[in-house]
Every structure is written in structure tokens, then in C-alpha cells.
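Asker: Contents of start30.cif (mmCIF, C-alpha atoms) are given next:
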data_work
#
loop_
_atom_site.group_PDB
_atom_site.id
_atom_site.type_symbol
_atom_site.label_atom_id
_atom_site.label_comp_id
_atom_site.auth_asym_id
_atom_site.auth_seq_id
_atom_site.Cartn_x
_atom_site.Cartn_y
_atom_site.Cartn_z
ATOM 1 C CA MET X 526 43.876 42.159 5.543
ATOM 2 C CA SER X 527 41.573 39.371 6.672
ATOM 3 C CA ARG X 528 41.933 38.491 10.329
ATOM 4 C CA VAL X 529 40.998 34.918 9.516
ATOM 5 C CA THR X 530 44.322 34.420 7.723
ATOM 6 C CA SER X 531 46.253 35.178 10.896
ATOM 7 C CA ILE X 532 44.626 32.468 13.001
ATOM 8 C CA PRO X 533 46.990 29.593 13.754
ATOM 9 C CA VAL X 534 45.464 26.229 12.927
ATOM 10 C CA PRO X 535 46.239 23.666 15.622
ATOM 11 C CA ALA X 536 47.308 20.130 14.790
ATOM 12 C CA LEU X 537 44.966 17.878 16.723
ATOM 13 C CA GLN X 538 45.062 14.164 17.362
ATOM 14 C CA SER X 539 42.025 12.746 15.617
ATOM 15 C CA VAL X 540 40.539 15.666 13.772
ATOM 16 C CA VAL X 541 42.096 17.608 10.926
ATOM 17 C CA LEU X 542 41.340 21.315 10.594
ATOM 18 C CA GLU X 543 41.702 23.189 7.329
ATOM 19 C CA LEU X 544 41.075 26.896 7.125
ATOM 20 C CA THR X 545 40.357 28.532 3.789
ATOM 21 C CA PRO X 546 39.955 32.305 4.015
ATOM 22 C CA PRO X 547 37.826 34.242 3.969
ATOM 23 C CA ASN X 548 35.210 32.068 5.652
ATOM 24 C CA LEU X 549 35.564 28.301 5.282
ATOM 25 C CA VAL X 550 36.753 25.848 7.893
ATOM 26 C CA ARG X 551 36.782 22.122 7.265
ATOM 27 C CA LEU X 552 36.841 19.502 10.031
ATOM 28 C CA SER X 553 37.470 15.858 9.221
ATOM 29 C CA GLY X 554 38.177 12.720 11.212
ATOM 30 C CA THR X 555 36.586 11.851 14.539
ATOM 31 C CA ILE X 556 36.160 13.528 17.907
ATOM 32 C CA THR X 557 35.912 11.119 20.812
ATOM 33 C CA SER X 558 37.721 12.806 23.679
ATOM 34 C CA LYS X 559 35.725 13.025 26.897
ATOM 35 C CA GLU X 560 35.886 16.794 26.981
ATOM 36 C CA PRO X 561 36.204 18.987 23.909
ATOM 37 C CA ASP X 562 39.849 19.664 23.087
ATOM 38 C CA PRO X 563 40.656 23.141 24.478
ATOM 39 C CA GLU X 564 42.759 23.830 21.380
ATOM 40 C CA LEU X 565 39.786 23.107 19.149
ATOM 41 C CA THR X 566 37.406 25.306 21.105
ATOM 42 C CA ALA X 567 39.983 28.120 21.297
ATOM 43 C CA PHE X 568 40.551 27.896 17.543
ATOM 44 C CA LEU X 569 36.840 28.021 16.749
ATOM 45 C CA ARG X 570 36.332 30.916 19.132
ATOM 46 C CA ALA X 571 39.201 32.842 17.546
ATOM 47 C CA LEU X 572 37.784 32.083 14.122
ATOM 48 C CA GLN X 573 34.372 33.358 15.095
ATOM 49 C CA ARG X 574 35.895 36.575 16.481
ATOM 50 C CA ALA X 575 37.878 37.041 13.286
ATOM 51 C CA VAL X 576 34.838 36.488 11.101
ATOM 52 C CA LEU X 577 33.021 39.114 13.100
ATOM 53 C CA GLU X 578 35.911 41.577 12.735
ATOM 54 C CA ASP X 579 36.071 40.900 9.015
ATOM 55 C CA ALA X 580 32.347 41.585 8.759
ATOM 56 C CA VAL X 581 31.820 38.409 6.786
ATOM 57 C CA SER X 582 28.171 37.531 6.322
ATOM 58 C CA GLU X 583 28.562 33.817 6.967
ATOM 59 C CA LEU X 584 31.028 31.296 8.326
ATOM 60 C CA ARG X 585 31.017 28.018 6.426
ATOM 61 C CA VAL X 586 31.802 24.988 8.558
ATOM 62 C CA ASP X 587 32.337 21.847 6.523
ATOM 63 C CA VAL X 588 31.803 18.856 8.793
ATOM 64 C CA SER X 589 31.050 16.382 6.008
ATOM 65 C CA GLY X 590 34.281 14.518 6.676
ATOM 66 C CA LEU X 591 33.694 14.267 10.398
ATOM 67 C CA THR X 592 32.568 10.681 10.594
ATOM 68 C CA PHE X 593 31.988 10.326 14.322
ATOM 69 C CA VAL X 594 31.650 12.717 17.231
ATOM 70 C CA ASN X 595 30.666 12.133 20.822
ATOM 71 C CA SER X 596 28.175 14.187 22.790
ATOM 72 C CA ALA X 597 30.845 16.522 24.117
ATOM 73 C CA ALA X 598 31.777 17.416 20.565
ATOM 74 C CA ILE X 599 28.174 18.158 19.645
ATOM 75 C CA ARG X 600 28.265 20.748 22.392
ATOM 76 C CA VAL X 601 31.097 22.475 20.523
ATOM 77 C CA PHE X 602 28.752 23.129 17.598
ATOM 78 C CA VAL X 603 25.925 24.145 19.903
ATOM 79 C CA ASP X 604 28.341 26.597 21.540
ATOM 80 C CA MET X 605 29.282 28.036 18.152
ATOM 81 C CA ALA X 606 25.643 28.831 17.446
ATOM 82 C CA THR X 607 25.207 30.252 20.923
ATOM 83 C CA TRP X 608 28.182 32.580 20.474
ATOM 84 C CA VAL X 609 26.598 34.013 17.349
ATOM 85 C CA GLN X 610 23.196 34.334 18.999
ATOM 86 C CA ARG X 611 24.698 36.169 21.955
ATOM 87 C CA GLU X 612 26.759 38.535 19.853
ATOM 88 C CA ALA X 613 25.263 41.996 20.120
ATOM 89 C CA ARG X 614 26.939 43.346 17.006
ATOM 90 C CA SER X 615 25.476 42.520 13.654
ATOM 91 C CA ALA X 616 26.294 38.874 13.408
ATOM 92 C CA TYR X 617 26.841 36.342 10.667
ATOM 93 C CA LYS X 618 25.232 33.057 9.812
ATOM 94 C CA LEU X 619 26.792 29.682 10.473
ATOM 95 C CA ARG X 620 26.445 27.475 7.437
ATOM 96 C CA PHE X 621 27.195 23.836 8.227
ATOM 97 C CA LEU X 622 28.056 21.682 5.236
ATOM 98 C CA THR X 623 27.053 18.119 6.039
ATOM 99 C CA ASN X 624 27.006 14.652 4.574
ATOM 100 C CA ARG X 625 23.604 12.974 4.562
ATOM 101 C CA ARG X 626 25.198 9.550 4.698
ATOM 102 C CA VAL X 627 26.776 10.246 8.058
ATOM 103 C CA THR X 628 24.148 9.393 10.645
ATOM 104 C CA TRP X 629 25.081 11.813 13.414
ATOM 105 C CA GLN X 630 25.136 14.813 11.090
ATOM 106 C CA LYS X 631 21.546 14.441 9.926
ATOM 107 C CA THR X 632 19.861 14.675 13.296
ATOM 108 C CA SER X 633 22.296 16.879 15.170
ATOM 109 C CA PHE X 634 22.340 19.683 12.650
ATOM 110 C CA MET X 635 18.622 19.454 12.014
ATOM 111 C CA ALA X 636 18.111 19.933 15.751
ATOM 112 C CA LEU X 637 20.687 22.685 15.914
ATOM 113 C CA SER X 638 19.073 24.622 13.093
ATOM 114 C CA SER X 639 15.771 24.455 14.914
ATOM 115 C CA LEU X 640 17.344 25.595 18.196
ATOM 116 C CA ALA X 641 19.237 28.441 16.557
ATOM 117 C CA ARG X 642 16.793 29.522 13.896
ATOM 118 C CA GLY X 643 18.086 32.389 11.810
ATOM 119 C CA VAL X 644 21.670 31.695 12.843
ATOM 120 C CA VAL X 645 22.335 28.169 11.631
ATOM 121 C CA VAL X 646 21.851 27.031 8.047
ATOM 122 C CA VAL X 647 22.471 23.429 7.045
ATOM 123 C CA ASP X 648 23.490 22.383 3.553
ATOM 124 C CA HIS X 649 24.251 18.922 2.249
ATOM 125 C CA VAL X 650 27.397 18.532 0.237
ATOM 126 C CA GLU X 651 26.794 14.836 -0.342
ATOM 127 C CA MET M 1210 46.517 -7.597 40.685
ATOM 128 C CA GLN M 1211 44.605 -6.100 37.857
ATOM 129 C CA ARG M 1212 45.783 -2.768 36.550
ATOM 130 C CA LYS M 1213 43.161 -0.052 36.605
ATOM 131 C CA ASP M 1214 43.185 0.403 32.852
ATOM 132 C CA SER M 1215 43.416 -3.221 31.938
ATOM 133 C CA ALA M 1216 40.709 -4.872 29.921
ATOM 134 C CA GLU M 1217 39.895 -8.335 28.771
ATOM 135 C CA PHE M 1218 39.035 -8.647 25.139
ATOM 136 C CA THR M 1219 37.535 -11.794 23.776
ATOM 137 C CA LEU M 1220 36.522 -12.379 20.216
ATOM 138 C CA PRO M 1221 34.829 -15.746 20.364
ATOM 139 C CA ASP M 1222 32.908 -15.410 17.080
ATOM 140 C CA ARG M 1223 31.365 -18.777 17.627
ATOM 141 C CA SER M 1224 27.945 -19.998 18.515
ATOM 142 C CA GLN M 1225 27.478 -19.317 22.125
ATOM 143 C CA PRO M 1226 24.382 -18.299 24.020
ATOM 144 C CA SER M 1227 24.468 -14.829 25.446
ATOM 145 C CA SER M 1228 25.513 -14.945 29.016
ATOM 146 C CA GLY M 1229 23.027 -14.660 31.803
ATOM 147 C CA HIS M 1230 19.330 -14.272 31.968
ATOM 148 C CA PHE M 1231 18.131 -11.241 33.792
ATOM 149 C CA ARG M 1232 15.185 -11.273 36.026
ATOM 150 C CA ARG M 1233 13.427 -8.179 37.146
ATOM 151 C CA GLY M 1234 15.041 -6.932 40.318
ATOM 152 C CA PRO M 1235 13.146 -5.735 43.365
ATOM 153 C CA ALA M 1236 13.296 -2.114 42.253
ATOM 154 C CA GLY M 1237 13.448 -3.028 38.598
ATOM 155 C CA PRO M 1238 11.577 -0.566 36.443
ATOM 156 C CA SER M 1239 12.102 -2.607 33.369
ATOM 157 C CA THR M 1240 11.926 -4.876 30.994
ATOM 158 C CA GLU M 1241 12.217 -7.884 28.822
ATOM 159 C CA ARG M 1242 15.441 -9.182 27.485
ATOM 160 C CA GLN M 1243 15.991 -7.883 24.004
ATOM 161 C CA GLY M 1244 16.608 -9.860 20.916
ATOM 162 C CA GLY M 1245 16.079 -13.202 22.572
ATOM 163 C CA GLY M 1246 19.777 -13.931 22.938
ATOM 164 C CA GLY M 1247 22.033 -14.777 20.030
ATOM 165 C CA ARG M 1248 25.710 -15.421 19.782
ATOM 166 C CA VAL M 1249 28.294 -13.205 21.366
ATOM 167 C CA LEU M 1250 30.537 -11.711 18.707
ATOM 168 C CA LEU M 1251 32.696 -9.865 21.127
ATOM 169 C CA SER M 1252 32.923 -9.272 24.839
ATOM 170 C CA ILE M 1253 35.008 -6.732 26.720
ATOM 171 C CA ASN M 1254 35.420 -6.362 30.464
ATOM 172 C CA CYS M 1255 37.156 -3.470 32.116
ATOM 173 C CA ALA M 1256 37.201 -1.524 35.321
ATOM 174 C CA ALA M 1257 34.677 1.244 35.816
ATOM 175 C CA GLY M 1258 36.336 4.626 35.694
ATOM 176 C CA SER M 1259 39.162 3.341 33.544
ATOM 177 C CA ASP M 1260 40.433 5.190 30.528
ATOM 178 C CA MET M 1261 39.384 2.571 27.984
ATOM 179 C CA LEU M 1262 36.646 4.389 26.134
ATOM 180 C CA GLU M 1263 38.485 5.869 23.180
ATOM 181 C CA THR M 1264 40.662 2.871 22.410
ATOM 182 C CA THR M 1265 37.779 0.435 22.775
ATOM 183 C CA HIS M 1266 35.588 2.552 20.565
ATOM 184 C CA ALA M 1267 38.287 2.861 17.903
ATOM 185 C CA PHE M 1268 38.787 -0.899 17.905
ATOM 186 C CA LEU M 1269 35.083 -1.679 17.803
ATOM 187 C CA SER M 1270 34.378 0.872 15.087
ATOM 188 C CA SER M 1271 36.932 -0.802 12.858
ATOM 189 C CA TYR M 1272 35.473 -4.183 13.673
ATOM 190 C CA LEU M 1273 31.914 -3.025 12.938
ATOM 191 C CA ASN M 1274 32.960 -1.341 9.703
ATOM 192 C CA ASN M 1275 34.554 -4.545 8.524
ATOM 193 C CA ARG M 1276 31.703 -6.760 9.557
ATOM 194 C CA PHE M 1277 28.528 -4.814 8.783
ATOM 195 C CA ARG M 1278 27.124 -2.465 6.175
ATOM 196 C CA PRO M 1279 28.186 1.170 6.724
ATOM 197 C CA GLN M 1280 24.758 2.346 7.881
ATOM 198 C CA ILE M 1281 24.526 -0.456 10.439
ATOM 199 C CA ALA M 1282 28.129 -0.001 11.547
ATOM 200 C CA GLN M 1283 27.676 3.733 12.115
ATOM 201 C CA ARG M 1284 24.605 3.231 14.267
ATOM 202 C CA LEU M 1285 26.177 0.469 16.322
ATOM 203 C CA SER M 1286 29.360 2.468 16.706
ATOM 204 C CA LEU M 1287 27.390 5.295 18.272
ATOM 205 C CA ALA M 1288 25.642 2.844 20.595
ATOM 206 C CA VAL M 1289 28.957 1.295 21.618
ATOM 207 C CA TYR M 1290 30.438 4.682 22.437
ATOM 208 C CA GLU M 1291 27.540 6.114 24.378
ATOM 209 C CA LEU M 1292 26.535 2.975 26.297
ATOM 210 C CA PHE M 1293 30.118 2.177 27.201
ATOM 211 C CA ALA M 1294 30.759 5.799 28.216
ATOM 212 C CA ASN M 1295 27.798 5.600 30.582
ATOM 213 C CA GLY M 1296 28.976 2.309 32.039
ATOM 214 C CA LEU M 1297 32.482 3.601 32.643
ATOM 215 C CA ASN M 1298 31.299 6.920 34.059
ATOM 216 C CA TYR M 1299 28.577 5.667 36.346
ATOM 217 C CA GLY M 1300 29.616 2.100 37.060
ATOM 218 C CA SER M 1301 30.693 1.098 40.526
ATOM 219 C CA VAL M 1302 34.404 0.384 40.863
ATOM 220 C CA THR M 1303 33.603 -2.751 42.831
ATOM 221 C CA SER M 1304 32.929 -4.708 39.647
ATOM 222 C CA ASP M 1305 33.785 -4.668 35.981
ATOM 223 C CA VAL M 1306 31.870 -2.984 33.228
ATOM 224 C CA MET M 1307 30.995 -5.514 30.554
ATOM 225 C CA LEU M 1308 30.362 -4.664 26.934
ATOM 226 C CA GLU M 1309 28.960 -7.265 24.588
ATOM 227 C CA LEU M 1310 28.196 -7.260 20.913
ATOM 228 C CA MET M 1311 25.688 -9.956 20.010
ATOM 229 C CA GLN M 1312 24.084 -11.201 16.853
ATOM 230 C CA SER M 1313 21.006 -13.314 16.325
ATOM 231 C CA SER M 1314 19.411 -14.303 13.039
ATOM 232 C CA SER M 1315 18.082 -10.831 12.352
ATOM 233 C CA LEU M 1316 19.301 -8.562 15.138
ATOM 234 C CA ILE M 1317 22.595 -7.134 16.252
ATOM 235 C CA SER M 1318 22.759 -5.728 19.732
ATOM 236 C CA VAL M 1319 25.147 -3.860 21.956
ATOM 237 C CA ARG M 1320 24.832 -4.411 25.669
ATOM 238 C CA VAL M 1321 26.677 -2.739 28.525
ATOM 239 C CA GLU M 1322 26.349 -4.055 32.030
ATOM 240 C CA ASN M 1323 27.655 -2.572 35.270
ATOM 241 C CA ASP M 1324 26.951 -2.214 38.962
ATOM 242 C CA THR M 1325 25.742 1.132 40.184
ATOM 243 C CA ILE M 1326 23.991 2.890 43.028
ATOM 244 C CA PRO M 1327 20.171 2.900 43.393
ATOM 245 C CA ALA M 1328 19.908 6.652 42.795
ATOM 246 C CA ARG M 1329 21.625 6.250 39.464
ATOM 247 C CA VAL M 1330 19.306 3.383 38.517
ATOM 248 C CA GLN M 1331 16.319 5.559 39.224
ATOM 249 C CA MET M 1332 17.725 8.455 37.217
ATOM 250 C CA LEU M 1333 18.541 6.157 34.323
ATOM 251 C CA ALA M 1334 15.057 4.611 34.328
ATOM 252 C CA GLU M 1335 13.421 8.044 34.305
ATOM 253 C CA HIS M 1336 15.666 9.281 31.535
ATOM 254 C CA LEU M 1337 14.954 6.213 29.398
ATOM 255 C CA GLN M 1338 11.239 6.670 29.956
ATOM 256 C CA ARG M 1339 11.482 10.254 28.682
ATOM 257 C CA ILE M 1340 13.315 8.965 25.637
ATOM 258 C CA ARG M 1341 10.690 6.295 25.029
ATOM 259 C CA ASP M 1342 7.910 8.848 25.377
ATOM 260 C CA ASN M 1343 9.402 11.264 22.868
ATOM 261 C CA ALA M 1344 12.958 10.797 21.677
ATOM 262 C CA GLU M 1345 13.003 13.859 19.450
ATOM 263 C CA ALA M 1346 11.740 16.210 22.147
ATOM 264 C CA THR M 1347 14.219 14.762 24.638
ATOM 265 C CA PHE M 1348 17.048 15.193 22.145
ATOM 266 C CA LEU M 1349 16.167 18.863 21.624
ATOM 267 C CA GLU M 1350 15.773 19.414 25.329
ATOM 268 C CA GLU M 1351 19.154 17.873 26.112
ATOM 269 C CA MET M 1352 20.794 19.958 23.392
ATOM 270 C CA ARG M 1353 19.231 23.049 24.892
ATOM 271 C CA ARG M 1354 20.442 22.023 28.339
ATOM 272 C CA SER M 1355 23.939 21.523 26.999
ATOM 273 C CA VAL M 1356 23.988 25.248 26.218
ATOM 274 C CA SER M 1357 22.568 26.431 29.492
ATOM 275 C CA GLY M 1358 24.878 24.214 31.555
ATOM 276 C CA GLY M 1359 24.026 23.684 35.203
ATOM 277 C CA ALA M 1360 23.330 20.482 37.052
ATOM 278 C CA PRO M 1361 22.626 17.780 36.321
ATOM 279 C CA ARG M 1362 24.683 17.848 33.173
ATOM 280 C CA ALA M 1363 22.959 17.411 29.852
ATOM 281 C CA MET M 1364 22.489 13.743 29.026
ATOM 282 C CA LEU M 1365 22.770 13.595 25.279
ATOM 283 C CA GLY M 1366 24.413 10.205 24.995
ATOM 284 C CA LEU M 1367 21.512 7.786 25.376
ATOM 285 C CA VAL M 1368 19.049 9.913 23.486
ATOM 286 C CA ARG M 1369 21.504 10.072 20.612
ATOM 287 C CA VAL M 1370 21.411 6.283 20.452
ATOM 288 C CA ALA M 1371 17.610 6.261 20.359
ATOM 289 C CA PHE M 1372 16.963 9.279 18.190
ATOM 290 C CA GLU M 1373 20.051 9.700 16.058
ATOM 291 C CA ALA M 1374 20.864 6.051 15.494
ATOM 292 C CA GLY M 1375 17.220 4.982 15.757
ATOM 293 C CA LEU M 1376 18.034 2.112 18.103
ATOM 294 C CA PRO M 1377 15.535 1.249 20.841
ATOM 295 C CA LEU M 1378 17.051 1.123 24.313
ATOM 296 C CA GLU M 1379 16.241 -1.473 26.921
ATOM 297 C CA LEU M 1380 17.063 -1.331 30.588
ATOM 298 C CA THR M 1381 17.297 -4.417 32.752
ATOM 299 C CA VAL M 1382 17.946 -4.194 36.460
ATOM 300 C CA ASN M 1383 18.895 -6.921 38.843
ATOM 301 C CA GLY M 1384 19.733 -5.454 42.222
ATOM 302 C CA ARG M 1385 22.750 -3.220 41.716
ATOM 303 C CA ARG M 1386 23.483 -4.729 38.320
ATOM 304 C CA VAL M 1387 22.232 -2.627 35.434
ATOM 305 C CA SER M 1388 22.215 -3.575 31.792
ATOM 306 C CA VAL M 1389 21.402 -1.195 28.944
ATOM 307 C CA SER M 1390 21.141 -2.543 25.445
ATOM 308 C CA ALA M 1391 20.423 -1.219 21.988
ATOM 309 C CA CYS M 1392 19.677 -3.347 18.976
ATOM 310 C CA CYS M 1393 19.120 -3.005 15.291
ATOM 311 C CA ARG M 1394 18.045 -5.204 12.421
ATOM 312 C CA ASP M 1395 20.805 -6.605 10.273
#
Take the structure in this file and express it as C-alpha cells.
Answerer:
Amino acid sequence: MSRVTSIPVPALQSVVLELTPPNLVRLSGTITSKEPDPELTAFLRALQRAVLEDAVSELRVDVSGLTFVNSAAIRVFVDMATWVQREARSAYKLRFLTNRRVTWQKTSFMALSSLARGVVVVDHVE
Amino acid sequence: MQRKDSAEFTLPDRSQPSSGHFRRGPAGPSTERQGGGGRVLLSINCAAGSDMLETTHAFLSSYLNNRFRPQIAQRLSLAVYELFANGLNYGSVTSDVMLELMQSSSLISVRVENDTIPARVQMLAEHLQRIRDNAEATFLEEMRRSVSGGAPRAMLGLVRVAFEAGLPLELTVNGRRVSVSACCRD
């Protein structure tokens, strides 16, 4: 049984999380809290552990509906890539699904894919 | 007595010259006034350190989305958030942080003004110079620093405004009073 299915999805204030096993998570809304929500970071960490346990080759992170994030939230995505890079076991790729019409997504994920080459892949869904 | 979290919102939306003319202060590393004035669409004053960032940003994002094209609104929304966050975080509690949205015939600008300490002014001027020299490299560097942690903390906010939103940043200093503005073409 997939470990991803057993991860509880938190209900957060401004961002909606949807988890579709085996390997898709969708974030929509906005993230503007000063510090990243601990529930969000814990959820993403648990998801990344589960993906690793399930030996899935890639985790798809659909951020196309995330219309605004602050700098603290960008660090959440940078951390996700770092977790994969630091994982000693055979790791998976992070595939971010983005929307070209959302300004922050274009530059942030382009930069992230260059910082975490081989780990982060960026696709446009719109 | 003013509550810590209180703010004054004004929505004049009438022809009115932008308030104040800044002269270069004694230690002023910068610059000319941007945009040559224009009318103030909106002005917000609140105490430095107050918890007004998220609500103000939500309000202003809605306002910008209703008033400007989506691409313009998105870029200005980012500028509002990051400039105001800086003002609230680093502003001196002895005076208010002021946020203004201004429009001239072809430019829309966001300006945040606050008092701060000289060391912070110096740091801000150096950071803005790095951004002016190479915004993309600074953006990558700050993203890298956000992973490694350590002090000083990564400063992604202003470089996001310049690189991500493509809005030039201007710093004006008059003594302890610091003003950072970003503007874009309508």
C-alpha cells in the first residue's frame, strides 16, 4: 500500500492542499505568512519521506494555482529540493507544474531548477 | 493613544501631488525621486513592527486587481508586500511606516517610507547596489543563502521586486528617513 495515501492533509488558512496518490500534490491560493506554516512544512516533509519509501521516481508539485507567495514560502520549495539533494538513497525528481502567467512562478522555479540541477524539473501547465 | 496594530487608510483617488520632496541626506547614497510625482491613489500609515502586513497586502492586492491589468497588478502586489514587509521589519518604532501607491500619466509606483538606524541604511544601500549591478545573480545568490541559513538572513524580498517583477528600485535617504520605491509603466 502506498505510504502517500496515509498522509493527513492539513487544512490551512490561505492555501489549499490536494493530494492525489501516488505522486501528485496540488497547492493553490496564496502564502503570505511571515514564517512558513509549520503544518505545511511538516506535510511536505512527510510527503517527501513517503515518496521515497514508495520508491516513486518523481513527485509532481502543482503550484499553478498558487497566485502569490512571499519570500518565506519560496524557501519552502528551495528546502524541498535540498531535501532531495541531501538524500543519500536513490532519490526522485521534483517536477513543479507552473503557470507562465503567474509572475513569481516563472523566475523562482527557473532559478530553482538551475540551483538544483538534476533534481528539479519545471513544466508549464498553462 | 494609538493602538500598536492600528493603521490609517486613506483612499483619496483625487489629483494630489505626492507628498514631500526628498533631498539627499548627509549620508545619502542615493538618488533621484522616481516618476516625477503623480497623484496618490492610496496611502497607509501604521506602526513599525505591527502585524499589518498580511491584511494590508490582501486589501491592496484586491484593489490592484480591480484597478490594473493582471500583469501590472501582480507585479505591484509583489512590490507592495516586499517593500512594506521591509518597512515594518526594519522601521524604527519612533515613527510610522508609510506606504503609498501613486500614479502619474504613464507610471505607477509603490513607495514605502520609514525611519531606521544608520547601519540598516548602509546595508540597504549596499544590497540595492548589488541588485542594480546584477539582479539575476543576486536573486540566485539569495536563494542559495536561504538554503544555507546563517546570518545575516537571506534577503530575497527586494531582489524579487527587481528581478521577478522587473521593477527598478530607488532608495532615497534623508537623515534617518528612508524611502524605497518601485515603479512600473501602466
Asker: Enumerate as a PyMOL selection string the residues belonging to chain M that approach chain X to within 12 Å, with only C-alpha atoms taken into account.
Answerer: chain M and resi 1260-1267+1270+1279-1295+1297-1298+1344-1358+1362-1375
Asker: With all atoms listed in the file as the basis for distance, which of M:Glu1379, M:Leu1273, M:Ile1340, M:Asp1324 is at the shortest distance from M:Asp1395?
Answerer: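 Of M:Glu1379, M:Leu1273, M:Ile1340, M:Asp1324, the one nearest M:Asp1395 is M:Leu1273, counting all atoms listed in the file.
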Asker: Would you work out the distance separating atom CA of X:Leu549 from atom CA of X:Leu584, expressed in Å to one decimal?
Answerer: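 Between these atoms lies a distance of 6.2 Å.
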Asker: Find the smallest box with edges along x, y and z containing every listed atom of stretch 617-620 of chain X, then add 3 Å on each side and report centre and edge lengths in Å to one decimal, as lines of an AutoDock Vina configuration file.
Answerer:
center_x = 26.0
center_y = 31.9
center_z = 9.1
size_x = 7.6
size_y = 14.9
size_z = 9.2
Asker: Work out how far atom CA of X:Ser582 is from atom CA of X:Ser527, in Å to one decimal.
Answerer: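 Distance between the two atoms: 13.5 Å.
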Asker: I need the residue nearest X:Glu564 from this list: X:Ala598, X:Pro535, X:Val609, X:Leu544. Use only C-alpha atoms for the distance.
Answerer: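 Under the stated criterion, the closest residue is X:Pro535.
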Asker: Quick one: pull the distance between atom CA of M:Asp1342 and atom CA of M:Ser1388, Å, one decimal.
Answerer: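 If I compute the distance from atom CA of M:Asp1342 to atom CA of M:Ser1388, I get 20.0 Å.
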Asker: Run the PyMOL selection byres ((chain X and resi 643-648) around 6) on the file and write out the hits as a PyMOL selection string.
Answerer: chain X and resi 618-622+638+641-642+649
Asker: Could you list the residues chosen by the PyMOL selection byres ((chain M and resi 1311) around 8) in this structure as a list in words?
Answerer: Ser1227, Gly1246, Gly1247, Arg1248, Val1249, Leu1250, Leu1251, Glu1309, Leu1310, Gln1312, Ser1313, Ile1317, Ser1318, Val1319 and Arg1320 of chain M
Asker: Counting all atoms listed in the file, I want the residues whose atoms come within 10 Å of (23.0, 2.0, 42.0) in the file frame, returned as a PyMOL selection string.
Answerer: chain M and resi 1299-1301+1323-1333+1382+1384-1387
Asker: Could you write out as a PyMOL selection string the residues that the PyMOL selection byres ((chain X and resi 565-576) around 9) matches in the shown file?
Answerer: chain X and resi 527-535+537+542+547-548+550+561-564+577-584+601+605+608-609+617
Asker: Could you list, as JSON, numbers by chain, every residue within 8 Å of X:Glu651, counting all atoms listed in the file and ignoring same-chain residues fewer than 3 positions away?
Answerer: {"X": [589, 623, 624, 625, 626]}
Asker: Which residue gives the smallest distance to X:Val650 among X:Ala616, X:Met526, X:Val586, X:Ala536, with all atoms listed in the file counted?
Answerer: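 Checking each candidate against X:Val650, we get X:Val586 as the closest.
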